[in-house]
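**Student:** I'm passing along coords.pdb; it holds PDB, C-alpha atoms.
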ATOM      1  CA  MET A   1      58.164  75.875 125.922  1.00  0.00           C
ATOM      2  CA  ALA A   2      58.287  79.636 125.442  1.00  0.00           C
ATOM      3  CA  ASP A   3      58.540  81.141 121.973  1.00  0.00           C
ATOM      4  CA  LEU A   4      61.830  82.775 121.017  1.00  0.00           C
ATOM      5  CA  ILE A   5      60.922  85.667 118.738  1.00  0.00           C
ATOM      6  CA  ARG A   6      63.792  87.076 116.674  1.00  0.00           C
ATOM      7  CA  VAL A   7      63.969  90.810 116.059  1.00  0.00           C
ATOM      8  CA  GLY A   8      66.061  91.748 113.041  1.00  0.00           C
ATOM      9  CA  MET A   9      68.007  94.913 112.365  1.00  0.00           C
ATOM     10  CA  ALA A  10      65.686  97.880 111.791  1.00  0.00           C
ATOM     11  CA  ASP A  11      62.779  95.814 113.084  1.00  0.00           C
ATOM     12  CA  TYR A  12      60.629  95.402 116.171  1.00  0.00           C
ATOM     13  CA  LYS A  13      58.391  92.742 117.620  1.00  0.00           C
ATOM     14  CA  VAL A  14      55.862  92.756 120.446  1.00  0.00           C
ATOM     15  CA  GLY A  15      54.504  89.866 122.444  1.00  0.00           C
ATOM     16  CA  ARG A  16      53.313  88.526 125.756  1.00  0.00           C
ATOM     17  CA  ALA A  17      54.487  85.958 128.278  1.00  0.00           C
ATOM     18  CA  PRO A  18      55.846  83.307 127.964  1.00  0.00           C
ATOM     19  CA  SER A  19      57.662  84.621 124.859  1.00  0.00           C
ATOM     20  CA  THR A  20      61.218  85.954 124.785  1.00  0.00           C
ATOM     21  CA  LEU A  21      62.245  88.619 122.274  1.00  0.00           C
ATOM     22  CA  ILE A  22      65.866  88.532 121.075  1.00  0.00           C
ATOM     23  CA  SER A  23      68.008  90.686 118.791  1.00  0.00           C
ATOM     24  CA  TYR A  24      71.497  89.709 117.688  1.00  0.00           C
ATOM     25  CA  GLY A  25      74.558  91.741 116.807  1.00  0.00           C
ATOM     26  CA  LEU A  26      73.935  95.231 118.141  1.00  0.00           C
ATOM     27  CA  GLY A  27      76.981  97.370 117.414  1.00  0.00           C
ATOM     28  CA  SER A  28      76.178 101.063 117.150  1.00  0.00           C
ATOM     29  CA  CYS A  29      72.496 100.041 117.007  1.00  0.00           C
ATOM     30  CA  ILE A  30      70.322 100.187 120.122  1.00  0.00           C
ATOM     31  CA  GLY A  31      67.948  97.533 121.434  1.00  0.00           C
ATOM     32  CA  ILE A  32      65.062  99.291 123.188  1.00  0.00           C
ATOM     33  CA  SER A  33      62.657  97.242 125.294  1.00  0.00           C
ATOM     34  CA  LEU A  34      59.290  98.269 126.656  1.00  0.00           C
ATOM     35  CA  TYR A  35      57.635  96.127 129.321  1.00  0.00           C
ATOM     36  CA  ASP A  36      54.490  96.129 131.460  1.00  0.00           C
ATOM     37  CA  THR A  37      55.137  94.003 134.564  1.00  0.00           C
ATOM     38  CA  GLN A  38      51.462  93.464 135.354  1.00  0.00           C
ATOM     39  CA  ALA A  39      50.169  92.586 131.855  1.00  0.00           C
ATOM     40  CA  LYS A  40      53.427  90.747 131.036  1.00  0.00           C
ATOM     41  CA  VAL A  41      53.439  92.391 127.617  1.00  0.00           C
ATOM     42  CA  GLY A  42      56.409  94.009 125.933  1.00  0.00           C
ATOM     43  CA  GLY A  43      58.348  94.834 122.828  1.00  0.00           C
ATOM     44  CA  LEU A  44      61.886  95.021 121.494  1.00  0.00           C
ATOM     45  CA  LEU A  45      63.026  97.528 118.857  1.00  0.00           C
ATOM     46  CA  HIS A  46      66.403  97.327 117.049  1.00  0.00           C
ATOM     47  CA  ILE A  47      67.138 100.843 115.764  1.00  0.00           C
ATOM     48  CA  MET A  48      70.021 101.713 113.450  1.00  0.00           C
ATOM     49  CA  LEU A  49      69.850 105.514 113.431  1.00  0.00           C
ATOM     50  CA  PRO A  50      68.594 108.235 115.767  1.00  0.00           C
ATOM     51  CA  ASP A  51      66.569 110.517 113.529  1.00  0.00           C
ATOM     52  CA  SER A  52      64.555 109.861 110.364  1.00  0.00           C
ATOM     53  CA  THR A  53      64.725 113.533 109.353  1.00  0.00           C
ATOM     54  CA  GLN A  54      68.526 113.335 109.038  1.00  0.00           C
ATOM     55  CA  ALA A  55      68.532 110.418 106.607  1.00  0.00           C
ATOM     56  CA  ARG A  56      67.448 109.608 103.099  1.00  0.00           C
ATOM     57  CA  PRO A  57      63.756 108.767 102.838  1.00  0.00           C
ATOM     58  CA  THR A  58      62.995 105.258 103.967  1.00  0.00           C
ATOM     59  CA  ASP A  59      59.947 103.087 103.990  1.00  0.00           C
ATOM     60  CA  ASN A  60      61.129 101.391 107.194  1.00  0.00           C
ATOM     61  CA  PRO A  61      60.244 103.464 110.281  1.00  0.00           C
ATOM     62  CA  ALA A  62      61.712 100.803 112.620  1.00  0.00           C
ATOM     63  CA  LYS A  63      65.172 101.855 111.428  1.00  0.00           C
ATOM     64  CA  PHE A  64      64.965 105.090 113.447  1.00  0.00           C
ATOM     65  CA  ALA A  65      64.419 105.908 117.123  1.00  0.00           C
ATOM     66  CA  ASP A  66      62.031 108.789 116.412  1.00  0.00           C
ATOM     67  CA  THR A  67      59.674 106.731 114.219  1.00  0.00           C
ATOM     68  CA  GLY A  68      60.184 103.194 115.549  1.00  0.00           C
ATOM     69  CA  LEU A  69      59.465 103.868 119.216  1.00  0.00           C
ATOM     70  CA  PRO A  70      55.996 105.371 118.660  1.00  0.00           C
ATOM     71  CA  LEU A  71      55.056 102.402 116.451  1.00  0.00           C
ATOM     72  CA  MET A  72      56.218  99.839 118.990  1.00  0.00           C
ATOM     73  CA  LEU A  73      54.471 101.732 121.803  1.00  0.00           C
ATOM     74  CA  LYS A  74      51.184 101.652 119.855  1.00  0.00           C
ATOM     75  CA  ASP A  75      51.454  97.887 119.303  1.00  0.00           C
ATOM     76  CA  VAL A  76      52.380  97.152 122.943  1.00  0.00           C
ATOM     77  CA  LEU A  77      49.377  99.168 124.131  1.00  0.00           C
ATOM     78  CA  GLU A  78      47.118  97.292 121.696  1.00  0.00           C
ATOM     79  CA  LEU A  79      48.323  94.008 123.271  1.00  0.00           C
ATOM     80  CA  GLY A  80      47.063  95.195 126.660  1.00  0.00           C
ATOM     81  CA  ALA A  81      49.958  97.105 128.231  1.00  0.00           C
ATOM     82  CA  SER A  82      49.185 100.173 130.316  1.00  0.00           C
ATOM     83  CA  ARG A  83      51.165 103.262 129.368  1.00  0.00           C
ATOM     84  CA  THR A  84      51.521 104.221 133.047  1.00  0.00           C
ATOM     85  CA  ARG A  85      53.133 100.865 133.920  1.00  0.00           C
ATOM     86  CA  LEU A  86      55.545 100.680 130.975  1.00  0.00           C
ATOM     87  CA  VAL A  87      59.246 100.732 131.700  1.00  0.00           C
ATOM     88  CA  ALA A  88      62.165 100.720 129.279  1.00  0.00           C
ATOM     89  CA  LYS A  89      65.679  99.324 129.120  1.00  0.00           C
ATOM     90  CA  ILE A  90      68.258  99.969 126.411  1.00  0.00           C
ATOM     91  CA  ALA A  91      71.545  98.430 125.318  1.00  0.00           C
ATOM     92  CA  GLY A  92      73.988  98.886 122.451  1.00  0.00           C
ATOM     93  CA  GLY A  93      75.259 102.166 121.073  1.00  0.00           C
ATOM     94  CA  ALA A  94      78.877 101.071 120.772  1.00  0.00           C
ATOM     95  CA  GLN A  95      81.590 102.957 118.910  1.00  0.00           C
ATOM     96  CA  MET A  96      82.739  99.979 116.862  1.00  0.00           C
ATOM     97  CA  PHE A  97      85.512 101.748 114.933  1.00  0.00           C
ATOM     98  CA  ALA A  98      88.003 104.444 115.864  1.00  0.00           C
ATOM     99  CA  PHE A  99      88.320 107.354 113.456  1.00  0.00           C
ATOM    100  CA  ALA A 100      91.010 110.009 113.459  1.00  0.00           C
ATOM    101  CA  ASN A 101      89.417 113.478 113.421  1.00  0.00           C
ATOM    102  CA  ALA A 102      85.971 111.973 114.007  1.00  0.00           C
ATOM    103  CA  THR A 103      83.065 114.376 113.723  1.00  0.00           C
ATOM    104  CA  ASP A 104      79.831 114.141 115.673  1.00  0.00           C
ATOM    105  CA  ILE A 105      78.175 112.433 112.713  1.00  0.00           C
ATOM    106  CA  MET A 106      80.558 109.481 113.180  1.00  0.00           C
ATOM    107  CA  ARG A 107      79.367 108.956 116.775  1.00  0.00           C
ATOM    108  CA  VAL A 108      76.337 106.944 115.637  1.00  0.00           C
ATOM    109  CA  GLY A 109      76.210 104.734 118.746  1.00  0.00           C
ATOM    110  CA  ALA A 110      76.276 107.632 121.197  1.00  0.00           C
ATOM    111  CA  ARG A 111      73.735 109.569 119.119  1.00  0.00           C
ATOM    112  CA  ASN A 112      71.452 106.515 119.041  1.00  0.00           C
ATOM    113  CA  ALA A 113      71.604 106.186 122.834  1.00  0.00           C
ATOM    114  CA  GLU A 114      70.933 109.912 123.321  1.00  0.00           C
ATOM    115  CA  ALA A 115      67.965 109.808 120.934  1.00  0.00           C
ATOM    116  CA  ALA A 116      66.453 106.731 122.599  1.00  0.00           C
ATOM    117  CA  LYS A 117      66.664 108.360 126.040  1.00  0.00           C
ATOM    118  CA  LYS A 118      65.261 111.665 124.772  1.00  0.00           C
ATOM    119  CA  ILE A 119      62.282 110.035 123.054  1.00  0.00           C
ATOM    120  CA  LEU A 120      61.500 107.804 126.048  1.00  0.00           C
ATOM    121  CA  LYS A 121      61.522 110.900 128.255  1.00  0.00           C
ATOM    122  CA  GLU A 122      59.217 112.745 125.819  1.00  0.00           C
ATOM    123  CA  MET A 123      56.865 109.716 125.872  1.00  0.00           C
ATOM    124  CA  ASN A 124      56.978 109.773 129.690  1.00  0.00           C
ATOM    125  CA  ILE A 125      58.310 106.191 129.840  1.00  0.00           C
ATOM    126  CA  ARG A 126      60.734 105.528 132.663  1.00  0.00           C
ATOM    127  CA  LEU A 127      64.170 104.220 131.638  1.00  0.00           C
ATOM    128  CA  LEU A 128      65.077 101.632 134.293  1.00  0.00           C
ATOM    129  CA  ALA A 129      68.491 100.553 133.046  1.00  0.00           C
ATOM    130  CA  GLU A 130      70.982 100.852 130.222  1.00  0.00           C
ATOM    131  CA  ASP A 131      74.148  99.203 128.991  1.00  0.00           C
ATOM    132  CA  THR A 132      75.450 101.500 126.267  1.00  0.00           C
ATOM    133  CA  GLY A 133      78.743 102.669 124.812  1.00  0.00           C
ATOM    134  CA  GLY A 134      82.025 100.839 124.711  1.00  0.00           C
ATOM    135  CA  ASN A 135      83.531  99.341 121.573  1.00  0.00           C
ATOM    136  CA  TYR A 136      81.954  95.887 121.522  1.00  0.00           C
ATOM    137  CA  GLY A 137      78.806  94.308 120.154  1.00  0.00           C
ATOM    138  CA  ARG A 138      75.909  92.936 122.128  1.00  0.00           C
ATOM    139  CA  THR A 139      73.010  90.523 121.793  1.00  0.00           C
ATOM    140  CA  VAL A 140      69.955  91.432 123.848  1.00  0.00           C
ATOM    141  CA  GLN A 141      66.836  89.603 124.928  1.00  0.00           C
ATOM    142  CA  ILE A 142      63.827  90.379 127.074  1.00  0.00           C
ATOM    143  CA  ASN A 143      61.906  87.637 128.832  1.00  0.00           C
ATOM    144  CA  LEU A 144      58.226  88.611 128.824  1.00  0.00           C
ATOM    145  CA  ASN A 145      57.511  86.447 131.884  1.00  0.00           C
ATOM    146  CA  ASP A 146      59.455  88.743 134.185  1.00  0.00           C
ATOM    147  CA  GLY A 147      60.931  91.619 132.150  1.00  0.00           C
ATOM    148  CA  VAL A 148      64.521  90.446 132.646  1.00  0.00           C
ATOM    149  CA  TYR A 149      66.671  92.081 129.961  1.00  0.00           C
ATOM    150  CA  LYS A 150      69.836  90.097 129.254  1.00  0.00           C
ATOM    151  CA  VAL A 151      72.848  91.572 127.507  1.00  0.00           C
ATOM    152  CA  LYS A 152      75.372  89.106 126.086  1.00  0.00           C
ATOM    153  CA  THR A 153      78.808  89.963 124.722  1.00  0.00           C
ATOM    154  CA  ILE A 154      81.707  87.941 123.385  1.00  0.00           C
ATOM    155  CA  ASP A 155      84.438  89.238 125.725  1.00  0.00           C
ATOM    156  CA  LYS A 156      82.463  90.804 128.567  1.00  0.00           C
ATOM    157  CA  GLY A 157      80.146  87.889 129.364  1.00  0.00           C
ATOM    158  CA  GLU A 158      76.440  88.127 130.117  1.00  0.00           C
ATOM    159  CA  LYS A 159      74.531  90.363 132.497  1.00  0.00           C
ATOM    160  CA  GLU A 160      70.998  91.308 133.384  1.00  0.00           C
ATOM    161  CA  ILE A 161      70.006  94.949 133.508  1.00  0.00           C
TER     162      ILE A 161
END
Write the structure described by the file as structure tokens, please.

**Tutor:**
Amino acid sequence: MADLIRVGMADYKVGRAPSTLISYGLGSCIGISLYDTQAKVGGLLHIMLPDSTQARPTDNPAKFADTGLPLMLKDVLELGASRTRLVAKIAGGAQMFAFANATDIMRVGARNAEAAKKILKEMNIRLLAEDTGGNYGRTVQINLNDGVYKVKTIDKGEKEI
């Protein structure tokens, strides 16, 4: 029986097959997976905010895309992944509430998705798929046997990206 490893908010976990990494309740947050198909090693990061320099000081780098992704990448490589084989998938980034006269700062979900994509590009990691935006929450999981990234929602069902 494969291990089901839970990834909390502002957290990340790495592992290898046959484990599955899962994170519940992504609203404006983003679930970012990294996976090496040959080594069958990967990670899942649940970020809350795009940029650590725009927030109050925190002792939790996994809360932010710009500090969490490099940490998870380091740990995935230490488990035996090859940087050249790593691929990424992302989901989340919803706009959970409508605001009249919303400013850019209120678009947390969209900003999270943009930051994740920008940092992956800077790290030269190919983004294979995404399921972002909308106004609904998601639960995501990555199966480290095959890299299948499942996105589950209440009203929209389940899909693999």

**Student:** Give me, as a PyMOL selection string, all polymer residues having an atom no more than 10 Å from Gln38 in chain A, counting all atoms listed in the file and skipping those fewer than 6 positions away in the same chain.

**Tutor:** chain A and resi 80-82+85-86+145-146

**Student:** What's the separation between CA of Val41 in chain A and CA of Thr58 in chain A, in Å to one decimal place?

**Tutor:**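 Interatomic distance, CA of Val41 in chain A to CA of Thr58 in chain A: 28.6 Å.
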
**Student:** I need the output of the PyMOL selection byres ((chain A and resi 63) around 12) for this file as a PyMOL selection string; which residues are they?

**Tutor:** chain A and resi 8-12+29-31+45-53+55-62+64-69+71-72+112

**Student:** Generate a file of the selected residues that holds C-alpha atoms, formatted as an mmCIF file, keeping the file's coordinate frame.

**Tutor:**
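Output file result_12.cif follows:
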data_model
loop_
_atom_site.group_PDB
_atom_site.id
_atom_site.type_symbol
_atom_site.label_atom_id
_atom_site.label_comp_id
_atom_site.auth_asym_id
_atom_site.auth_seq_id
_atom_site.Cartn_x
_atom_site.Cartn_y
_atom_site.Cartn_z
ATOM 1 C CA GLY A 8 66.061 91.748 113.041
ATOM 2 C CA MET A 9 68.007 94.913 112.365
ATOM 3 C CA ALA A 10 65.686 97.880 111.791
ATOM 4 C CA ASP A 11 62.779 95.814 113.084
ATOM 5 C CA TYR A 12 60.629 95.402 116.171
ATOM 6 C CA CYS A 29 72.496 100.041 117.007
ATOM 7 C CA ILE A 30 70.322 100.187 120.122
ATOM 8 C CA GLY A 31 67.948 97.533 121.434
ATOM 9 C CA LEU A 45 63.026 97.528 118.857
ATOM 10 C CA HIS A 46 66.403 97.327 117.049
ATOM 11 C CA ILE A 47 67.138 100.843 115.764
ATOM 12 C CA MET A 48 70.021 101.713 113.450
ATOM 13 C CA LEU A 49 69.850 105.514 113.431
ATOM 14 C CA PRO A 50 68.594 108.235 115.767
ATOM 15 C CA ASP A 51 66.569 110.517 113.529
ATOM 16 C CA SER A 52 64.555 109.861 110.364
ATOM 17 C CA THR A 53 64.725 113.533 109.353
ATOM 18 C CA ALA A 55 68.532 110.418 106.607
ATOM 19 C CA ARG A 56 67.448 109.608 103.099
ATOM 20 C CA PRO A 57 63.756 108.767 102.838
ATOM 21 C CA THR A 58 62.995 105.258 103.967
ATOM 22 C CA ASP A 59 59.947 103.087 103.990
ATOM 23 C CA ASN A 60 61.129 101.391 107.194
ATOM 24 C CA PRO A 61 60.244 103.464 110.281
ATOM 25 C CA ALA A 62 61.712 100.803 112.620
ATOM 26 C CA PHE A 64 64.965 105.090 113.447
ATOM 27 C CA ALA A 65 64.419 105.908 117.123
ATOM 28 C CA ASP A 66 62.031 108.789 116.412
ATOM 29 C CA THR A 67 59.674 106.731 114.219
ATOM 30 C CA GLY A 68 60.184 103.194 115.549
ATOM 31 C CA LEU A 69 59.465 103.868 119.216
ATOM 32 C CA LEU A 71 55.056 102.402 116.451
ATOM 33 C CA MET A 72 56.218 99.839 118.990
ATOM 34 C CA ASN A 112 71.452 106.515 119.041
#

**Student:** In Å, rounded to a single decimal, give me how far CA of Lys40 in chain A is from CA of Lys13 in chain A.

**Tutor:**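 We find that CA of Lys13 in chain A and CA of Lys40 in chain A lie 14.4 Å from each other.
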
**Student:** Can you turn the PyMOL selection byres ((chain A and resi 154) around 12) into a concrete residue list for this file, as number ranges by chain?

**Tutor:** A: 24-26, 135-139, 151-153, 155-159

**Student:** Can you work out the spacing between CA of Val7 in chain A and CA of Ala91 in chain A in Å, to one decimal?

**Tutor:**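 The value is 14.2 Å.
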
**Student:** Taking all atoms listed in the file into account, which of A:Ile161, A:Gly134, A:Lys121, A:Arg83 comes nearest Met96 in chain A?

**Tutor:** A:Gly134

**Student:** Give the answer as one residue: which of A:Glu160, A:Glu114, A:Asp75, A:Glu122 has the shortest atom-to-atom distance to Ile142 in chain A, using all atoms listed in the file?

**Tutor:**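 The answer is A:Glu160, which sits nearest to Ile142 in chain A.
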